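run.cif (mmCIF, C-alpha atoms)
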```
data_target
#
loop_
_atom_site.group_PDB
_atom_site.id
_atom_site.type_symbol
_atom_site.label_atom_id
_atom_site.label_comp_id
_atom_site.auth_asym_id
_atom_site.auth_seq_id
_atom_site.Cartn_x
_atom_site.Cartn_y
_atom_site.Cartn_z
ATOM 1 C CA MET O 18 4.060 30.369 -2.792
ATOM 2 C CA SER O 19 2.649 28.097 -0.091
ATOM 3 C CA LEU O 20 2.438 24.386 0.626
ATOM 4 C CA ARG O 21 -1.329 24.654 0.229
ATOM 5 C CA GLN O 22 -0.844 25.823 -3.369
ATOM 6 C CA PHE O 23 1.552 22.926 -3.959
ATOM 7 C CA GLU O 24 -1.001 20.458 -2.590
ATOM 8 C CA TYR O 25 -3.753 21.955 -4.751
ATOM 9 C CA ALA O 26 -1.591 21.739 -7.890
ATOM 10 C CA LEU O 27 -0.689 18.116 -7.105
ATOM 11 C CA ALA O 28 -4.354 17.250 -6.600
ATOM 12 C CA VAL O 29 -5.328 18.850 -9.930
ATOM 13 C CA ALA O 30 -2.573 16.912 -11.694
ATOM 14 C CA GLU O 31 -3.700 13.679 -10.055
ATOM 15 C CA GLU O 32 -7.423 14.116 -10.700
ATOM 16 C CA GLY O 33 -7.247 15.896 -14.076
ATOM 17 C CA SER O 34 -9.782 18.540 -13.163
ATOM 18 C CA VAL O 35 -10.385 21.331 -10.668
ATOM 19 C CA THR O 36 -13.766 19.896 -9.695
ATOM 20 C CA ALA O 37 -12.379 16.463 -8.841
ATOM 21 C CA ALA O 38 -9.430 18.020 -7.012
ATOM 22 C CA ALA O 39 -11.785 20.137 -4.924
ATOM 23 C CA GLU O 40 -13.786 17.034 -3.968
ATOM 24 C CA LEU O 41 -10.580 15.197 -3.047
ATOM 25 C CA LEU O 42 -9.396 18.106 -0.890
ATOM 26 C CA HIS O 43 -12.872 18.780 0.593
ATOM 27 C CA VAL O 44 -12.783 22.466 -0.410
ATOM 28 C CA ALA O 45 -14.836 24.647 -2.727
ATOM 29 C CA GLN O 46 -14.002 24.543 -6.438
ATOM 30 C CA PRO O 47 -13.431 28.337 -6.736
ATOM 31 C CA SER O 48 -10.805 28.088 -3.996
ATOM 32 C CA VAL O 49 -8.794 25.544 -5.994
ATOM 33 C CA SER O 50 -9.098 27.583 -9.199
ATOM 34 C CA GLN O 51 -8.016 30.736 -7.427
ATOM 35 C CA GLN O 52 -4.978 29.070 -5.851
ATOM 36 C CA ILE O 53 -3.850 27.575 -9.176
ATOM 37 C CA ARG O 54 -4.264 30.895 -11.014
ATOM 38 C CA GLY O 55 -2.350 32.709 -8.271
ATOM 39 C CA LEU O 56 0.444 30.146 -8.407
ATOM 40 C CA GLU O 57 0.737 30.470 -12.192
ATOM 41 C CA ARG O 58 0.815 34.277 -11.946
ATOM 42 C CA GLU O 59 3.507 34.175 -9.291
ATOM 43 C CA LEU O 60 5.634 31.734 -11.276
ATOM 44 C CA GLY O 61 4.990 33.466 -14.584
ATOM 45 C CA VAL O 62 4.315 30.149 -16.349
ATOM 46 C CA GLU O 63 1.372 27.988 -17.315
ATOM 47 C CA LEU O 64 1.308 24.806 -15.241
ATOM 48 C CA PHE O 65 -1.630 23.096 -16.956
ATOM 49 C CA THR O 66 -2.967 22.803 -20.471
ATOM 50 C CA ARG O 67 -6.745 22.776 -20.824
ATOM 51 C CA THR O 68 -7.770 19.838 -23.069
ATOM 52 C CA PRO O 69 -11.179 18.300 -23.906
ATOM 53 C CA THR O 70 -10.400 15.448 -21.492
ATOM 54 C CA GLY O 71 -9.231 17.612 -18.613
ATOM 55 C CA LEU O 72 -6.226 19.482 -17.276
ATOM 56 C CA VAL O 73 -2.822 18.124 -18.285
ATOM 57 C CA PRO O 74 0.464 19.409 -16.815
ATOM 58 C CA THR O 75 2.699 21.274 -19.268
ATOM 59 C CA VAL O 76 6.377 20.367 -19.613
ATOM 60 C CA VAL O 77 7.232 23.138 -17.160
ATOM 61 C CA GLY O 78 4.325 22.028 -14.996
ATOM 62 C CA ARG O 79 5.637 18.454 -14.750
ATOM 63 C CA ALA O 80 9.044 19.735 -13.643
ATOM 64 C CA PHE O 81 7.429 22.010 -11.061
ATOM 65 C CA LEU O 82 5.178 19.239 -9.745
ATOM 66 C CA ARG O 83 8.138 16.944 -9.112
ATOM 67 C CA GLU O 84 9.679 19.575 -6.847
ATOM 68 C CA ALA O 85 6.318 20.395 -5.285
ATOM 69 C CA ARG O 86 5.875 16.712 -4.372
ATOM 70 C CA ALA O 87 9.301 16.696 -2.710
ATOM 71 C CA ALA O 88 8.428 19.851 -0.752
ATOM 72 C CA VAL O 89 5.073 18.470 0.427
ATOM 73 C CA ASN O 90 6.670 15.176 1.480
ATOM 74 C CA ALA O 91 9.358 17.070 3.390
ATOM 75 C CA ALA O 92 6.702 19.096 5.215
ATOM 76 C CA ARG O 93 4.799 15.950 6.159
ATOM 77 C CA ARG O 94 7.958 14.359 7.484
ATOM 78 C CA ALA O 95 8.693 17.470 9.550
ATOM 79 C CA ARG O 96 5.218 17.365 11.088
ATOM 80 C CA ALA O 97 5.578 13.644 11.813
ATOM 81 C CA THR O 98 8.926 14.186 13.517
ATOM 82 C CA ALA O 99 7.533 16.989 15.659
ATOM 83 C CA ARG O 100 4.682 14.765 16.849
ATOM 84 C CA ALA O 101 6.856 11.737 17.558
ATOM 85 C CA GLY O 102 7.913 12.827 21.058
ATOM 86 C CA ALA O 103 4.819 11.462 22.740
ATOM 87 C CA ASP O 104 4.808 8.195 20.772
ATOM 88 C CA GLU O 105 2.046 9.616 18.589
ATOM 89 C CA LEU O 106 3.853 9.434 15.276
ATOM 90 C CA ALA O 107 1.568 10.616 12.462
ATOM 91 C CA GLY O 108 1.955 11.618 8.848
ATOM 92 C CA GLU O 109 2.926 9.844 5.663
ATOM 93 C CA LEU O 110 5.819 7.440 5.072
ATOM 94 C CA VAL O 111 6.782 6.991 1.395
ATOM 95 C CA VAL O 112 8.395 3.624 0.628
ATOM 96 C CA ALA O 113 9.565 2.321 -2.746
ATOM 97 C CA VAL O 114 10.325 -1.347 -3.380
ATOM 98 C CA GLN O 115 12.281 -2.699 -6.286
ATOM 99 C CA MET O 116 9.965 -5.099 -8.049
ATOM 100 C CA GLY O 117 10.229 -8.655 -6.728
ATOM 101 C CA PHE O 118 12.303 -7.956 -3.622
ATOM 102 C CA GLY O 119 10.983 -8.146 -0.061
ATOM 103 C CA THR O 120 7.556 -9.388 -1.155
ATOM 104 C CA ARG O 121 7.330 -11.734 1.822
ATOM 105 C CA GLN O 122 9.126 -9.547 4.379
ATOM 106 C CA LEU O 123 7.686 -6.059 3.847
ATOM 107 C CA PRO O 124 4.018 -6.761 4.759
ATOM 108 C CA GLY O 125 4.961 -8.159 8.167
ATOM 109 C CA ALA O 126 7.244 -5.222 8.925
ATOM 110 C CA LEU O 127 4.602 -2.694 7.857
ATOM 111 C CA ALA O 128 1.921 -4.424 9.933
ATOM 112 C CA ALA O 129 4.164 -4.203 13.006
ATOM 113 C CA LEU O 130 4.896 -0.553 12.236
ATOM 114 C CA ARG O 131 1.187 0.284 12.023
ATOM 115 C CA ARG O 132 0.485 -1.486 15.305
ATOM 116 C CA ARG O 133 3.145 0.676 16.921
ATOM 117 C CA PHE O 134 2.060 3.906 15.195
ATOM 118 C CA PRO O 135 -1.640 3.561 14.203
ATOM 119 C CA ARG O 136 -1.853 7.171 12.982
ATOM 120 C CA LEU O 137 0.970 6.690 10.469
ATOM 121 C CA GLU O 138 -0.045 6.413 6.804
ATOM 122 C CA VAL O 139 2.271 4.396 4.559
ATOM 123 C CA THR O 140 2.448 4.791 0.777
ATOM 124 C CA VAL O 141 4.238 1.956 -1.040
ATOM 125 C CA PHE O 142 4.937 1.625 -4.733
ATOM 126 C CA GLU O 143 6.958 -0.785 -6.864
ATOM 127 C CA GLU O 144 9.692 0.473 -9.182
ATOM 128 C CA PRO O 145 11.457 -1.965 -11.551
ATOM 129 C CA SER O 146 14.396 0.275 -12.461
ATOM 130 C CA SER O 147 17.476 0.485 -10.219
ATOM 131 C CA ALA O 148 18.502 3.764 -11.859
ATOM 132 C CA GLU O 149 15.128 5.397 -11.161
ATOM 133 C CA LEU O 150 15.143 4.224 -7.551
ATOM 134 C CA ASP O 151 18.631 5.640 -7.119
ATOM 135 C CA ARG O 152 17.518 8.980 -8.629
ATOM 136 C CA LEU O 153 14.471 9.193 -6.362
ATOM 137 C CA CYS O 154 16.598 8.394 -3.311
ATOM 138 C CA ARG O 155 19.099 11.125 -4.156
ATOM 139 C CA ARG O 156 16.330 13.701 -4.634
ATOM 140 C CA GLY O 157 14.843 12.929 -1.223
ATOM 141 C CA VAL O 158 11.444 11.944 -2.645
ATOM 142 C CA LEU O 159 11.525 8.607 -0.781
ATOM 143 C CA ASP O 160 11.711 7.960 2.942
ATOM 144 C CA LEU O 161 12.944 4.399 2.447
ATOM 145 C CA ALA O 162 13.812 2.298 -0.587
ATOM 146 C CA LEU O 163 14.068 -1.489 -0.527
ATOM 147 C CA MET O 164 16.194 -2.724 -3.398
ATOM 148 C CA ALA O 165 18.862 -5.070 -4.701
ATOM 149 C CA LYS O 166 22.429 -3.978 -4.171
ATOM 150 C CA CYS O 167 24.067 -2.631 -7.327
ATOM 151 C CA GLU O 168 27.143 -0.660 -8.368
ATOM 152 C CA GLN O 169 25.339 2.650 -7.727
ATOM 153 C CA SER O 170 24.182 1.715 -4.215
ATOM 154 C CA PRO O 171 25.183 4.372 -1.646
ATOM 155 C CA ASP O 172 27.838 3.588 0.943
ATOM 156 C CA ASP O 173 25.418 4.141 3.821
ATOM 157 C CA ALA O 174 22.933 1.523 2.592
ATOM 158 C CA HIS O 175 21.809 -1.071 5.144
ATOM 159 C CA HIS O 176 22.277 -4.723 4.168
ATOM 160 C CA LEU O 177 19.234 -6.766 5.242
ATOM 161 C CA GLY O 178 20.065 -10.185 3.808
ATOM 162 C CA ASP O 179 19.974 -12.092 0.541
ATOM 163 C CA GLU O 180 17.109 -13.095 -1.729
ATOM 164 C CA GLU O 181 17.557 -16.519 -3.304
ATOM 165 C CA PHE O 182 16.308 -16.805 -6.872
ATOM 166 C CA VAL O 183 14.258 -19.777 -8.028
ATOM 167 C CA VAL O 184 13.093 -21.087 -11.376
ATOM 168 C CA VAL O 185 9.377 -21.527 -12.088
ATOM 169 C CA LEU O 186 8.368 -24.454 -14.312
ATOM 170 C CA ALA O 187 5.124 -25.640 -15.867
ATOM 171 C CA ALA O 188 3.199 -28.496 -14.266
ATOM 172 C CA GLY O 189 4.600 -31.818 -15.465
ATOM 173 C CA HIS O 190 8.019 -30.401 -16.376
ATOM 174 C CA GLN O 191 10.646 -33.124 -16.019
ATOM 175 C CA GLU O 192 12.965 -30.905 -13.956
ATOM 176 C CA LEU O 193 10.403 -30.770 -11.134
ATOM 177 C CA ALA O 194 11.677 -34.215 -10.125
ATOM 178 C CA ALA O 195 14.935 -32.617 -8.929
ATOM 179 C CA ASP O 196 15.519 -30.761 -5.660
ATOM 180 C CA ARG O 197 17.571 -28.180 -7.593
ATOM 181 C CA VAL O 198 17.540 -27.449 -11.307
ATOM 182 C CA GLU O 199 20.841 -27.182 -13.130
ATOM 183 C CA LEU O 200 20.759 -24.113 -15.325
ATOM 184 C CA GLY O 201 22.368 -26.044 -18.166
ATOM 185 C CA ALA O 202 19.274 -28.248 -18.291
ATOM 186 C CA LEU O 203 17.223 -25.195 -19.336
ATOM 187 C CA GLU O 204 19.323 -24.432 -22.407
ATOM 188 C CA ARG O 205 16.498 -25.022 -24.905
ATOM 189 C CA GLU O 206 13.734 -23.461 -22.831
ATOM 190 C CA PRO O 207 11.942 -20.222 -23.768
ATOM 191 C CA TRP O 208 11.966 -17.583 -21.025
ATOM 192 C CA VAL O 209 9.353 -15.268 -19.560
ATOM 193 C CA ARG O 210 11.384 -12.123 -18.929
ATOM 194 C CA PHE O 211 10.898 -8.664 -17.409
ATOM 195 C CA ASP O 212 11.076 -5.068 -18.623
ATOM 196 C CA ARG O 213 14.448 -4.330 -20.189
ATOM 197 C CA ASP O 214 15.488 -1.726 -17.608
ATOM 198 C CA SER O 215 14.458 -3.788 -14.580
ATOM 199 C CA ALA O 216 16.822 -5.288 -12.023
ATOM 200 C CA LEU O 217 15.124 -8.677 -12.381
ATOM 201 C CA ASP O 218 15.820 -8.899 -16.084
ATOM 202 C CA ALA O 219 19.440 -7.881 -15.479
ATOM 203 C CA VAL O 220 19.804 -10.726 -12.962
ATOM 204 C CA LEU O 221 18.346 -13.245 -15.405
ATOM 205 C CA VAL O 222 20.555 -12.131 -18.301
ATOM 206 C CA ASN O 223 23.715 -12.104 -16.172
ATOM 207 C CA VAL O 224 23.014 -15.526 -14.659
ATOM 208 C CA LEU O 225 22.385 -17.144 -18.018
ATOM 209 C CA ARG O 226 25.400 -15.451 -19.586
ATOM 210 C CA ASP O 227 27.653 -16.626 -16.758
ATOM 211 C CA ASN O 228 26.457 -20.165 -17.431
ATOM 212 C CA GLY O 229 26.958 -19.945 -21.185
ATOM 213 C CA LEU O 230 23.267 -19.576 -22.032
ATOM 214 C CA THR O 231 21.395 -17.068 -24.196
ATOM 215 C CA PRO O 232 17.706 -16.598 -23.339
ATOM 216 C CA ASP O 233 15.106 -17.357 -25.983
ATOM 217 C CA THR O 234 12.504 -14.739 -25.038
ATOM 218 C CA ALA O 235 8.915 -15.940 -25.122
ATOM 219 C CA ALA O 236 7.395 -12.857 -23.465
ATOM 220 C CA ARG O 237 8.170 -9.820 -21.315
ATOM 221 C CA VAL O 238 6.067 -8.803 -18.330
ATOM 222 C CA SER O 239 6.080 -6.029 -15.734
ATOM 223 C CA ARG O 240 5.176 -8.001 -12.602
ATOM 224 C CA THR O 241 6.626 -11.062 -10.895
ATOM 225 C CA THR O 242 3.199 -12.580 -10.225
ATOM 226 C CA THR O 243 2.429 -12.430 -13.957
ATOM 227 C CA ALA O 244 5.764 -14.069 -14.817
ATOM 228 C CA VAL O 245 5.114 -16.899 -12.350
ATOM 229 C CA ARG O 246 1.585 -17.537 -13.612
ATOM 230 C CA TRP O 247 2.611 -17.477 -17.259
ATOM 231 C CA ALA O 248 5.473 -19.864 -16.567
ATOM 232 C CA ALA O 249 3.076 -22.141 -14.688
ATOM 233 C CA HIS O 250 0.868 -22.258 -17.796
ATOM 234 C CA GLY O 251 3.782 -23.347 -19.977
ATOM 235 C CA LEU O 252 4.598 -20.148 -21.854
ATOM 236 C CA GLY O 253 8.221 -20.468 -20.734
ATOM 237 C CA VAL O 254 10.350 -20.731 -17.605
ATOM 238 C CA THR O 255 11.195 -17.734 -15.447
ATOM 239 C CA LEU O 256 13.601 -16.749 -12.669
ATOM 240 C CA VAL O 257 12.282 -14.773 -9.682
ATOM 241 C CA PRO O 258 13.170 -14.064 -6.037
ATOM 242 C CA ALA O 259 11.840 -16.859 -3.832
ATOM 243 C CA SER O 260 9.733 -14.494 -1.707
ATOM 244 C CA ALA O 261 7.928 -13.250 -4.833
ATOM 245 C CA VAL O 262 6.324 -16.636 -5.596
ATOM 246 C CA PRO O 263 2.554 -16.254 -5.031
ATOM 247 C CA HIS O 264 0.686 -18.734 -2.873
ATOM 248 C CA GLY O 265 -0.436 -21.845 -4.737
ATOM 249 C CA HIS O 266 2.571 -22.042 -7.048
ATOM 250 C CA GLU O 267 5.165 -23.373 -4.603
ATOM 251 C CA HIS O 268 5.083 -26.893 -6.085
ATOM 252 C CA LEU O 269 6.218 -25.494 -9.479
ATOM 253 C CA VAL O 270 9.312 -23.797 -8.079
ATOM 254 C CA ARG O 271 12.876 -25.064 -7.632
ATOM 255 C CA PRO O 272 16.145 -23.432 -6.543
ATOM 256 C CA VAL O 273 18.806 -23.455 -9.253
ATOM 257 C CA LEU O 274 22.315 -24.865 -9.475
ATOM 258 C CA PRO O 275 24.641 -23.032 -9.206
ATOM 259 C CA ALA O 276 22.693 -21.104 -6.578
ATOM 260 C CA VAL O 277 21.648 -17.542 -7.441
ATOM 261 C CA SER O 278 21.129 -14.899 -4.773
ATOM 262 C CA GLN O 279 21.066 -11.119 -4.584
ATOM 263 C CA PRO O 280 21.917 -8.880 -1.608
ATOM 264 C CA VAL O 281 18.942 -6.766 -0.495
ATOM 265 C CA ILE O 282 19.520 -3.328 0.992
ATOM 266 C CA ALA O 283 17.466 -0.556 2.544
ATOM 267 C CA VAL O 284 18.318 3.044 1.689
ATOM 268 C CA LEU O 285 17.032 5.770 3.998
ATOM 269 C CA ARG O 286 16.691 9.417 3.120
ATOM 270 C CA SER O 287 19.208 11.841 4.517
ATOM 271 C CA GLY O 288 18.199 12.910 8.019
ATOM 272 C CA ALA O 289 15.870 9.948 8.466
ATOM 273 C CA GLY O 290 13.133 10.386 11.055
ATOM 274 C CA PRO O 291 11.645 7.977 13.608
ATOM 275 C CA ALA O 292 9.199 6.320 11.198
ATOM 276 C CA GLU O 293 11.762 5.159 8.642
ATOM 277 C CA THR O 294 14.214 4.231 11.402
ATOM 278 C CA ALA O 295 11.553 2.074 13.061
ATOM 279 C CA LEU O 296 10.687 0.411 9.739
ATOM 280 C CA LEU O 297 14.359 -0.363 9.113
ATOM 281 C CA GLU O 298 14.651 -2.113 12.477
ATOM 282 C CA LEU O 299 11.508 -4.135 11.777
ATOM 283 C CA LEU O 300 12.847 -5.173 8.364
ATOM 284 C CA ARG O 301 16.052 -6.337 10.036
ATOM 285 C CA LYS O 302 13.995 -8.713 12.191
ATOM 286 C CA GLU O 303 12.421 -10.359 9.149
ATOM 287 C CA THR O 304 13.919 -13.584 7.724
ATOM 288 C CA TRP O 305 15.944 -12.869 4.594
ATOM 289 C CA SER O 306 18.715 -15.379 4.120
ATOM 290 C CA GLU O 307 16.982 -18.673 4.874
ATOM 291 C CA SER O 308 16.808 -21.023 1.889
ATOM 292 C CA PRO O 309 13.160 -21.547 0.926
ATOM 293 C CA SER O 310 11.591 -25.004 1.028
ATOM 294 C CA PHE O 311 9.378 -25.984 -1.877
ATOM 295 C CA SER O 312 7.282 -29.103 -2.177
ATOM 296 C CA ARG O 313 7.522 -31.681 -4.934
ATOM 297 C CA ALA O 314 4.854 -31.630 -7.606
ATOM 298 C CA PRO O 315 1.988 -33.979 -6.703
#
```

Turn this file's structure into structure tokens for me.
Amino acid sequence: MSLRQFEYALAVAEEGSVTAAAELLHVAQPSVSQQIRGLERELGVELFTRTPTGLVPTVVGRAFLREARAAVNAARRARATARAGADELAGELVVAVQMGFGTRQLPGALAALRRRFPRLEVTVFEEPSSAELDRLCRRGVLDLALMAKCEQSPDDAHHLGDEEFVVVLAAGHQELAADRVELGALEREPWVRFDRDSALDAVLVNVLRDNGLTPDTAARVSRTTTAVRWAAHGLGVTLVPASAVPHGHEHLVRPVLPAVSQPVIAVLRSGAGPAETALLELLRKETWSESPSFSRAP
């Protein structure tokens, strides 16, 4: 087996066909087909099922592809490390962010990283589940994870600061007259919540429970920007990290009383290279713990 075969299999899984994979890889279609057939013969299993809509990974294929992705990422990191000696860092950096955290800080840090290493390619994706982020970190799939601290957080995690949580209210809501909103004042409000296994929903539930409140769920969403916009339109109130509030909605946001904050950590892969180390240092320079300032509704 070779890394080229792994890359071909990953491309076929991503594109759903040999033809599209060949175009993505800039190689001839027969070459991709031959590599996939050779890989299946060597493994003694079928990696893909041929369906009317394209190629779909089998159960065994999905398991194999997870490990193939880890192997390809490891190879890219090794190449990047080898090239870093002359300040010519290249390759791919895989970063996962727990949904809602570091929304304001990460873009600035990544922009500075790219200015320093213009040949470095960064892949970023959001993951709502703390458990899934922890699993990906342990398997070495990620170079760096940005997430809220939890009971499963590793001992070698790097504390960056704290995210303050704020409540988002509809225009004209009476609580917008206050500098801070007492949680008890929201007792009868419906809530726009998040996916059940997300860290954000766990924060909301725990905060309300600690203040003797039970959320009346109006809706569940998968993104913080959606929660803010729906709350702004009056579907219900929501609780999000301050940095996750999209531009144009600041006047509908208030910190809560008692204050709610969550420690934010960065977790680096074992044997971290120069790219993830540089990104960590840039994230440390970002502002994390300052209380946000929101304007009164006009």

Spell out the residues picked by the PyMOL selection byres ((chain O and resi 171-179) around 6) here, as a PyMOL selection string.
chain O and resi 170+180+279-284+301+305-306

O:Val35, O:Val238, O:Leu56, O:Leu137 ranked by distance to O:Gly108, top pick (using all atoms listed in the file)
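The shortest atom-to-atom distance to O:Gly108 comes from O:Leu137.
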
The PyMOL selection byres ((chain O and resi 37-51) around 12) applied to the shown file, residues as a list in words:
Arg21, Gln22, Phe23, Glu24, Tyr25, Ala26, Leu27, Ala28, Val29, Ala30, Glu31, Glu32, Gly33, Ser34, Val35, Thr36, Gln52, Ile53, Arg54, Gly55, Leu56, Glu57, Arg58, Phe65, Gly71 and Leu72 of chain O

Could you jot down the atom CA of O:Thr66 to atom CA of O:Arg79 separation for me, Å, one decimal place?
11.2 Å

The PyMOL selection byres ((chain O and resi 160) around 6) applied to the shown file, residues as a PyMOL selection string
chain O and resi 111-112+159+161+285-286

Okay, now the selection with C-alpha atoms, as a short mmCIF file (atom, residue, chain, number, x, y, z; two decimals), keeping the file's coordinate frame?
```cif
data_model
loop_
_atom_site.label_atom_id
_atom_site.label_comp_id
_atom_site.auth_asym_id
_atom_site.auth_seq_id
_atom_site.Cartn_x
_atom_site.Cartn_y
_atom_site.Cartn_z
CA VAL O 111 6.78 6.99 1.40
CA VAL O 112 8.40 3.62 0.63
CA LEU O 159 11.52 8.61 -0.78
CA LEU O 161 12.94 4.40 2.45
CA LEU O 285 17.03 5.77 4.00
CA ARG O 286 16.69 9.42 3.12
#
```

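Distance annotation: of O:Arg237, O:Ala292, O:Leu163, O:Arg226, the residue with the minimal separation from O:Arg213 is O:Arg237; atom set is only C-alpha atoms.
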
Centre and edges of the stretch 112-129 of chain O box, axis-aligned, 4 Å extra per side, as lines of an AutoDock Vina configuration file:
```
center_x = 7.1
center_y = -4.1
center_z = 2.5
size_x = 18.4
size_y = 23.4
size_z = 29.1
```

Tell me which residues come within 12 Å of (4.2, -15.5, -4.7), as a PyMOL selection string, counting only C-alpha atoms in the file's coordinates.
chain O and resi 117-122+183+185+240-246+257-270
